[in-house]
$ cat entry.txt   # compact mmCIF, C-alpha atoms
# COMPACT_ATOMS: atom_id res chain seq x y z
CA MET A 1 4.39 -81.25 49.68
CA ALA A 2 5.46 -84.65 51.04
CA ARG A 3 7.69 -82.99 53.63
CA SER A 4 5.08 -80.46 54.79
CA SER A 5 2.32 -83.10 54.94
CA GLY A 6 4.42 -85.69 56.74
CA VAL A 7 3.85 -88.44 54.16
CA SER A 8 6.08 -90.12 51.61
CA VAL A 9 6.65 -88.90 48.08
CA THR A 10 5.08 -92.13 46.82
CA SER A 11 1.92 -91.39 48.78
CA VAL A 12 1.70 -87.91 47.28
CA HIS A 13 1.98 -89.32 43.75
CA ARG A 14 -0.59 -92.01 44.51
CA ILE A 15 -3.08 -89.44 45.86
CA TRP A 16 -2.54 -87.14 42.90
CA GLY A 17 -3.15 -90.02 40.51
CA ALA A 18 -6.26 -91.21 42.35
CA PHE A 19 -7.92 -87.78 42.15
CA GLY A 20 -6.57 -86.77 38.74
CA LEU A 21 -4.53 -83.89 40.20
CA GLN A 22 -1.82 -82.34 38.00
CA PRO A 23 -0.41 -79.39 39.97
CA HIS A 24 2.41 -78.86 37.47
CA ARG A 25 -0.07 -77.86 34.76
CA VAL A 26 -1.42 -74.34 34.26
CA GLU A 27 -4.01 -73.33 31.67
CA THR A 28 -5.32 -69.92 30.68
CA PHE A 29 -8.90 -68.68 30.51
CA LYS A 30 -10.80 -65.46 30.01
CA LEU A 31 -14.51 -64.95 30.51
CA SER A 32 -16.15 -62.35 28.34
CA THR A 33 -17.45 -59.25 30.10
CA ASP A 34 -19.54 -58.22 27.09
CA LEU A 35 -22.91 -56.93 28.33
CA MET A 36 -24.51 -58.44 25.21
CA PHE A 37 -22.73 -61.78 25.55
CA VAL A 38 -25.85 -63.96 25.72
CA GLU A 39 -27.58 -62.17 22.83
CA LYS A 40 -24.47 -62.37 20.61
CA VAL A 41 -23.91 -66.06 21.35
CA ARG A 42 -27.53 -66.87 20.49
CA ASP A 43 -27.32 -64.78 17.32
CA ILE A 44 -24.13 -66.34 15.96
CA VAL A 45 -24.85 -69.93 16.99
CA GLY A 46 -28.29 -69.52 15.41
CA LEU A 47 -26.58 -68.62 12.13
CA TYR A 48 -24.42 -71.74 12.34
CA LEU A 49 -27.20 -74.20 13.18
CA ASP A 50 -30.02 -72.67 11.16
CA PRO A 51 -28.64 -70.32 8.47
CA PRO A 52 -31.16 -68.07 6.68
CA ASP A 53 -32.59 -69.09 3.31
CA ARG A 54 -30.93 -67.65 0.20
CA ALA A 55 -28.05 -66.31 2.23
CA LEU A 56 -24.35 -66.93 2.67
CA VAL A 57 -22.78 -67.03 6.14
CA LEU A 58 -19.12 -66.02 6.20
CA CYS A 59 -16.77 -66.04 9.19
CA VAL A 60 -14.18 -63.32 8.67
CA ASP A 61 -11.01 -62.38 10.51
CA GLU A 62 -7.33 -61.56 10.09
CA LYS A 63 -4.29 -63.53 11.17
CA SER A 64 -1.84 -60.69 11.58
CA GLN A 65 1.94 -60.58 11.89
CA ILE A 66 2.58 -64.08 10.51
CA GLN A 67 6.37 -64.38 10.59
CA ALA A 68 8.45 -65.78 7.74
CA LEU A 69 10.92 -67.88 9.73
CA ASP A 70 13.89 -69.74 8.32
CA ARG A 71 15.55 -72.32 10.57
CA SER A 72 19.26 -71.94 11.23
CA GLN A 73 19.79 -75.52 9.96
CA PRO A 74 17.77 -77.72 7.58
CA LEU A 75 14.80 -79.64 8.93
CA LEU A 76 15.38 -83.33 9.65
CA PRO A 77 12.46 -85.30 8.21
CA MET A 78 10.53 -87.98 10.05
CA ARG A 79 11.90 -91.50 9.81
CA PRO A 80 11.25 -94.80 11.63
CA GLY A 81 11.79 -94.23 15.33
CA GLN A 82 12.40 -90.49 14.98
CA VAL A 83 9.99 -87.59 14.84
CA GLU A 84 10.54 -84.62 12.54
CA ARG A 85 13.18 -82.32 14.01
CA ARG A 86 13.88 -78.62 13.62
CA THR A 87 16.28 -76.25 15.33
CA HIS A 88 15.03 -74.09 18.18
CA ASP A 89 16.58 -70.96 16.68
CA TYR A 90 15.59 -69.18 13.50
CA LYS A 91 16.01 -66.10 11.33
CA ARG A 92 13.17 -63.67 10.67
CA HIS A 93 12.46 -62.61 7.09
CA GLY A 94 9.47 -60.29 7.39
CA THR A 95 5.79 -60.71 8.12
CA THR A 96 2.44 -60.82 6.36
CA THR A 97 -1.22 -60.57 7.37
CA LEU A 98 -3.78 -63.06 6.12
CA PHE A 99 -7.37 -61.90 5.65
CA ALA A 100 -9.78 -64.83 5.37
CA ALA A 101 -13.51 -65.47 4.95
CA LEU A 102 -14.78 -69.00 5.63
CA ASP A 103 -18.03 -70.17 4.02
CA ILE A 104 -19.48 -72.23 6.89
CA LYS A 105 -21.76 -74.31 4.65
CA VAL A 106 -19.26 -75.36 1.98
CA GLY A 107 -15.95 -74.95 3.79
CA LYS A 108 -14.25 -72.90 1.08
CA VAL A 109 -12.08 -69.94 2.02
CA ILE A 110 -11.68 -66.57 0.33
CA ALA A 111 -8.30 -65.22 1.37
CA LYS A 112 -5.78 -62.52 0.61
CA CYS A 113 -2.38 -61.71 2.10
CA MET A 114 -1.50 -58.05 2.68
CA PRO A 115 1.55 -56.40 4.24
CA ARG A 116 -0.40 -54.41 6.83
CA HIS A 117 -3.49 -54.72 9.01
CA ARG A 118 -5.59 -51.54 8.91
CA ALA A 119 -9.12 -50.50 8.04
CA SER A 120 -7.99 -49.67 4.49
CA GLU A 121 -6.73 -53.23 3.98
CA PHE A 122 -9.92 -54.64 5.49
CA ARG A 123 -11.94 -52.51 3.08
CA LYS A 124 -9.95 -53.98 0.15
CA PHE A 125 -10.63 -57.46 1.44
CA LEU A 126 -14.37 -56.77 1.66
CA ASP A 127 -14.22 -55.77 -2.00
CA GLU A 128 -12.43 -59.06 -2.69
CA ILE A 129 -15.20 -61.00 -0.96
CA GLU A 130 -17.92 -59.16 -2.84
CA GLU A 131 -16.30 -60.06 -6.16
CA ASN A 132 -16.31 -63.76 -5.23
CA VAL A 133 -19.80 -64.31 -3.79
CA PRO A 134 -23.12 -64.68 -5.65
CA ARG A 135 -24.80 -61.33 -6.19
CA ASP A 136 -28.32 -62.67 -5.60
CA LEU A 137 -27.72 -63.79 -2.01
CA ASP A 138 -27.71 -61.94 1.30
CA ILE A 139 -24.36 -62.03 3.09
CA HIS A 140 -24.18 -62.57 6.85
CA ILE A 141 -20.68 -61.80 8.06
CA VAL A 142 -19.40 -62.88 11.49
CA MET A 143 -16.44 -60.84 12.76
CA ASP A 144 -14.86 -59.62 15.97
CA ASN A 145 -14.77 -56.17 17.54
CA ALA A 146 -11.39 -55.06 16.19
CA SER A 147 -11.15 -51.31 15.72
CA SER A 148 -10.37 -51.81 12.02
CA HIS A 149 -13.84 -53.38 11.62
CA LYS A 150 -15.70 -50.37 12.99
CA THR A 151 -14.13 -47.28 11.45
CA LYS A 152 -16.19 -44.82 9.44
CA LEU A 153 -14.64 -46.20 6.25
CA ILE A 154 -16.00 -49.66 7.02
CA ARG A 155 -19.36 -48.44 8.34
CA ASP A 156 -19.89 -46.47 5.14
CA TRP A 157 -18.98 -49.52 3.05
CA PHE A 158 -21.67 -51.63 4.75
CA ALA A 159 -24.21 -48.79 4.69
CA LYS A 160 -24.08 -48.79 0.87
CA ARG A 161 -24.72 -52.54 0.71
CA PRO A 162 -28.04 -53.47 2.36
CA ARG A 163 -27.65 -57.17 1.53
CA TRP A 164 -24.68 -57.38 3.93
CA HIS A 165 -25.52 -58.07 7.57
CA ARG A 166 -22.91 -57.79 10.33
CA HIS A 167 -22.79 -60.07 13.38
CA PHE A 168 -20.17 -59.19 16.00
CA THR A 169 -18.74 -61.83 18.31
CA PRO A 170 -18.70 -61.07 22.05
CA THR A 171 -15.48 -59.51 23.31
CA SER A 172 -12.80 -62.05 24.31
CA SER A 173 -14.71 -64.80 22.50
CA SER A 174 -12.76 -65.56 19.34
CA TRP A 175 -13.58 -69.27 19.87
CA ILE A 176 -17.05 -68.67 18.46
CA ASN A 177 -15.69 -67.52 15.09
CA GLN A 178 -15.18 -70.63 12.95
CA VAL A 179 -12.46 -69.04 10.83
CA GLU A 180 -10.20 -69.26 13.89
CA ARG A 181 -10.25 -73.05 13.51
CA PHE A 182 -9.10 -72.65 9.92
CA PHE A 183 -6.23 -70.43 11.10
CA ALA A 184 -5.22 -73.12 13.60
CA LEU A 185 -5.12 -75.80 10.90
CA LEU A 186 -3.11 -73.53 8.61
CA SER A 187 -0.55 -72.95 11.35
CA GLU A 188 -0.31 -76.61 12.37
CA ARG A 189 -0.18 -78.14 8.90
CA GLN A 190 1.63 -75.54 6.82
CA ILE A 191 3.29 -72.58 8.52
CA LYS A 192 4.96 -74.28 11.50
CA ARG A 193 6.13 -77.29 9.50
CA SER A 194 8.20 -75.42 6.96
CA ALA A 195 10.85 -72.72 6.60
CA HIS A 196 10.40 -69.47 4.67
CA ARG A 197 13.19 -67.22 3.46
CA SER A 198 10.97 -64.26 2.59
CA ALA A 199 7.46 -62.91 3.09
CA ALA A 200 6.72 -63.79 -0.54
CA ASP A 201 7.80 -67.39 0.13
CA LEU A 202 5.49 -67.49 3.18
CA GLU A 203 2.55 -66.10 1.22
CA ALA A 204 3.11 -68.67 -1.53
CA ALA A 205 2.98 -71.47 1.05
CA ILE A 206 -0.24 -70.05 2.54
CA ASN A 207 -1.86 -69.77 -0.88
CA THR A 208 -0.83 -73.33 -1.77
CA TYR A 209 -2.54 -74.65 1.37
CA ILE A 210 -5.70 -72.63 0.70
CA GLN A 211 -5.89 -73.79 -2.92
CA ALA A 212 -5.57 -77.42 -1.84
CA ARG A 213 -8.27 -76.95 0.78
CA ASN A 214 -10.64 -75.25 -1.64
CA ALA A 215 -10.14 -78.07 -4.15
CA ASP A 216 -11.57 -80.50 -1.58
CA PRO A 217 -13.38 -78.35 0.99
CA LYS A 218 -14.66 -79.78 4.26
CA PRO A 219 -16.84 -77.52 6.44
CA PHE A 220 -16.49 -77.60 10.21
CA ARG A 221 -19.45 -79.16 11.98
CA TRP A 222 -20.87 -76.98 14.74
CA THR A 223 -22.76 -79.12 17.26
CA LYS A 224 -23.27 -77.03 20.41
CA THR A 225 -26.48 -75.05 20.79
CA SER A 226 -26.41 -71.68 22.48
CA ASP A 227 -28.16 -73.24 25.49
CA ASP A 228 -25.40 -75.88 25.72
CA ILE A 229 -22.69 -73.21 25.64
CA LEU A 230 -24.35 -70.96 28.20
CA ALA A 231 -25.06 -73.90 30.50
CA ALA A 232 -21.40 -75.00 30.34
CA ILE A 233 -20.23 -71.48 31.22
CA GLU A 234 -22.70 -71.36 34.11
CA ARG A 235 -21.40 -74.69 35.48
CA PHE A 236 -17.81 -73.45 35.24
CA CYS A 237 -18.66 -70.23 37.09
CA ARG A 238 -20.57 -72.06 39.81
CA ARG A 239 -17.72 -74.53 40.38
CA THR A 240 -15.21 -71.69 40.54
CA LEU A 241 -17.32 -69.71 43.00
CA ALA A 242 -17.77 -72.79 45.16
CA VAL A 243 -13.99 -73.35 45.33
CA HIS A 244 -13.37 -69.71 46.26
CA ALA A 245 -16.05 -69.91 48.94
CA LYS A 246 -14.34 -72.94 50.53
CA VAL A 247 -10.93 -71.23 50.43
CA GLU A 248 -12.30 -68.14 52.15
$ encode --input "entry.txt" --output "structure tokens"
Amino acid sequence: MARSSGVSVTSVHRIWGAFGLQPHRVETFKLSTDLMFVEKVRDIVGLYLDPPDRALVLCVDEKSQIQALDRSQPLLPMRPGQVERRTHDYKRHGTTTLFAALDIKVGKVIAKCMPRHRASEFRKFLDEIEENVPRDLDIHIVMDNASSHKTKLIRDWFAKRPRWHRHFTPTSSSWINQVERFFALLSERQIKRSAHRSAADLEAAINTYIQARNADPKPFRWTKTSDDILAAIERFCRRTLAVHAKVE
């Protein structure tokens, strides 16, 4: 850029710094094309900020294909002046799928690991949830549009249980499902920081983390209203359109 612009490299760096430009960085994004996006955002955010009386709000999803990875050499623990170190290479020892339901009010998690990720496994997990929630409360369940959540097997299961109410997230909008934040913490604090020599070893580590969390649960605090979210998306779209208009 310095050569093509006829200025020094130092000048380029100074200009980048002055305007906060970081051309080496690239981030990803995806805007939902769901025709019911606004309605679904208002519905789910409304549940978070003002949950119904005598009802339980659960965020449900699956973290599929979690790999049991064993490092080729032992981990080197953190010590003064040195961060924790692990080898870049690893050995695979199978996978598991974690089904989880997060109680947004209390912060506790109902979870179960299963070898596969199909509608039949999801049906078993729904039975697991039903066994562990109060029978005198309505259940509002937030979940995504995965095909395993909409098969006839699952539709029939909900049809027989009128106290269960489904709330689907907009397509390409997993960020609105609070259980995704739990999955991120699980990965950061447990899965990525250890080695597992079998799927059973991995599942034991996952269950240990969940038990510790449930012993001292801390709910996530949702602060954005639906109007805040929609306004932020509108600002992003307007800025993007303005940039494209200038380029053209």
$ residues_around --input "entry.txt" --residues "Ser174 (chain A)" --least-positions-apart "3" --cutoff "10 Å" --atoms "only C-alpha atoms" --output "list in words"
Asp61, Met143, Asp144, Asn145, Thr169, Pro170, Thr171, Asn177, Gln178, Val179, Glu180 and Arg181 of chain A
$ atom_distance --input "entry.txt" --atom1 "CA of Pro219 (chain A)" --atom2 "CA of Leu98 (chain A)"
19.5 Å
$ closest_residue --input "entry.txt" --among "A:Asp70, A:Glu84, A:Glu62, A:Asp228" --to "Ser148 (chain A)" --atoms "all atoms listed in the file"
A:Glu62
$ atom_distance --input "entry.txt" --atom1 "CA of Asn214 (chain A)" --atom2 "CA of Ala101 (chain A)"
12.1 Å
$ closest_atom_pairs --input "entry.txt" --of "region 103-151 of chain A" --to "region 190-213 of chain A" --cutoff "12 Å" --atoms "all atoms listed in the file" --output "Markdown table"
| residue | atom | partner | partner_atom | distance |
| --- | --- | --- | --- | --- |
| A:Val106 | CA | A:Arg213 | CA | 11.2 |
| A:Gly107 | CA | A:Arg213 | CA | 8.5 |
| A:Lys108 | CA | A:Arg213 | CA | 7.2 |
| A:Val109 | CA | A:Ile210 | CA | 7.0 |
| A:Ile110 | CA | A:Ile210 | CA | 8.5 |
| A:Ala111 | CA | A:Ile210 | CA | 7.9 |
| A:Lys112 | CA | A:Asn207 | CA | 8.4 |
| A:Cys113 | CA | A:Glu203 | CA | 6.7 |
| A:Met114 | CA | A:Glu203 | CA | 9.1 |
| A:Pro115 | CA | A:Ala199 | CA | 8.9 |
$ closest_residue --input "entry.txt" --among "A:Leu102, A:Arg25, A:Ser187, A:Leu69" --to "Thr87 (chain A)" --atoms "only C-alpha atoms"
A:Leu69
$ decode --input "entry.txt" --residues "region 60-78 of chain A" --atoms "N, CA and C atoms" --output "JSON list (two decimals), in the first residue's frame"
[["chain", "number", "residue", "atom", "x", "y", "z"],
["A", 60, "VAL", "N", -32.87, -24.90, 24.88],
["A", 60, "VAL", "CA", -32.46, -26.28, 24.57],
["A", 60, "VAL", "C", -31.71, -26.33, 23.25],
["A", 61, "ASP", "N", -30.65, -27.12, 23.23],
["A", 61, "ASP", "CA", -29.93, -27.36, 21.98],
["A", 61, "ASP", "C", -28.99, -28.54, 22.17],
["A", 62, "GLU", "N", -28.31, -28.90, 21.07],
["A", 62, "GLU", "CA", -27.34, -29.99, 21.12],
["A", 62, "GLU", "C", -25.98, -29.47, 20.67],
["A", 63, "LYS", "N", -24.95, -29.91, 21.34],
["A", 63, "LYS", "CA", -23.58, -29.67, 20.89],
["A", 63, "LYS", "C", -23.09, -31.00, 20.33],
["A", 64, "SER", "N", -23.13, -31.12, 19.02],
["A", 64, "SER", "CA", -22.89, -32.42, 18.39],
["A", 64, "SER", "C", -21.42, -32.61, 18.02],
["A", 65, "GLN", "N", -21.05, -33.85, 17.84],
["A", 65, "GLN", "CA", -19.71, -34.22, 17.38],
["A", 65, "GLN", "C", -18.59, -33.59, 18.22],
["A", 66, "ILE", "N", -18.74, -33.66, 19.55],
["A", 66, "ILE", "CA", -17.65, -33.22, 20.42],
["A", 66, "ILE", "C", -16.57, -34.30, 20.38],
["A", 67, "GLN", "N", -15.36, -33.93, 20.01],
["A", 67, "GLN", "CA", -14.30, -34.92, 19.83],
["A", 67, "GLN", "C", -13.53, -35.16, 21.12],
["A", 68, "ALA", "N", -13.28, -36.43, 21.39],
["A", 68, "ALA", "CA", -12.38, -36.82, 22.48],
["A", 68, "ALA", "C", -10.97, -36.80, 21.93],
["A", 69, "LEU", "N", -10.20, -35.77, 22.28],
["A", 69, "LEU", "CA", -8.85, -35.59, 21.73],
["A", 69, "LEU", "C", -7.81, -35.80, 22.82],
["A", 70, "ASP", "N", -6.82, -36.60, 22.49],
["A", 70, "ASP", "CA", -5.68, -36.80, 23.39],
["A", 70, "ASP", "C", -4.45, -36.20, 22.73],
["A", 71, "ARG", "N", -3.75, -35.34, 23.42],
["A", 71, "ARG", "CA", -2.56, -34.70, 22.87],
["A", 71, "ARG", "C", -1.44, -35.73, 22.70],
["A", 72, "SER", "N", -0.59, -35.49, 21.70],
["A", 72, "SER", "CA", 0.50, -36.43, 21.42],
["A", 72, "SER", "C", 1.54, -36.43, 22.53],
["A", 73, "GLN", "N", 1.62, -35.34, 23.32],
["A", 73, "GLN", "CA", 2.52, -35.26, 24.47],
["A", 73, "GLN", "C", 1.77, -34.62, 25.63],
["A", 74, "PRO", "N", 2.22, -34.85, 26.86],
["A", 74, "PRO", "CA", 1.50, -34.31, 28.02],
["A", 74, "PRO", "C", 1.45, -32.78, 27.99],
["A", 75, "LEU", "N", 0.37, -32.24, 28.56],
["A", 75, "LEU", "CA", 0.23, -30.80, 28.69],
["A", 75, "LEU", "C", 1.30, -30.25, 29.63],
["A", 76, "LEU", "N", 1.80, -29.07, 29.34],
["A", 76, "LEU", "CA", 2.73, -28.39, 30.24],
["A", 76, "LEU", "C", 1.95, -27.33, 31.01],
["A", 77, "PRO", "N", 1.85, -27.47, 32.32],
["A", 77, "PRO", "CA", 1.01, -26.55, 33.09],
["A", 77, "PRO", "C", 1.57, -25.14, 33.14],
["A", 78, "MET", "N", 0.70, -24.21, 33.48],
["A", 78, "MET", "CA", 1.10, -22.81, 33.65],
["A", 78, "MET", "C", 2.08, -22.69, 34.80]]
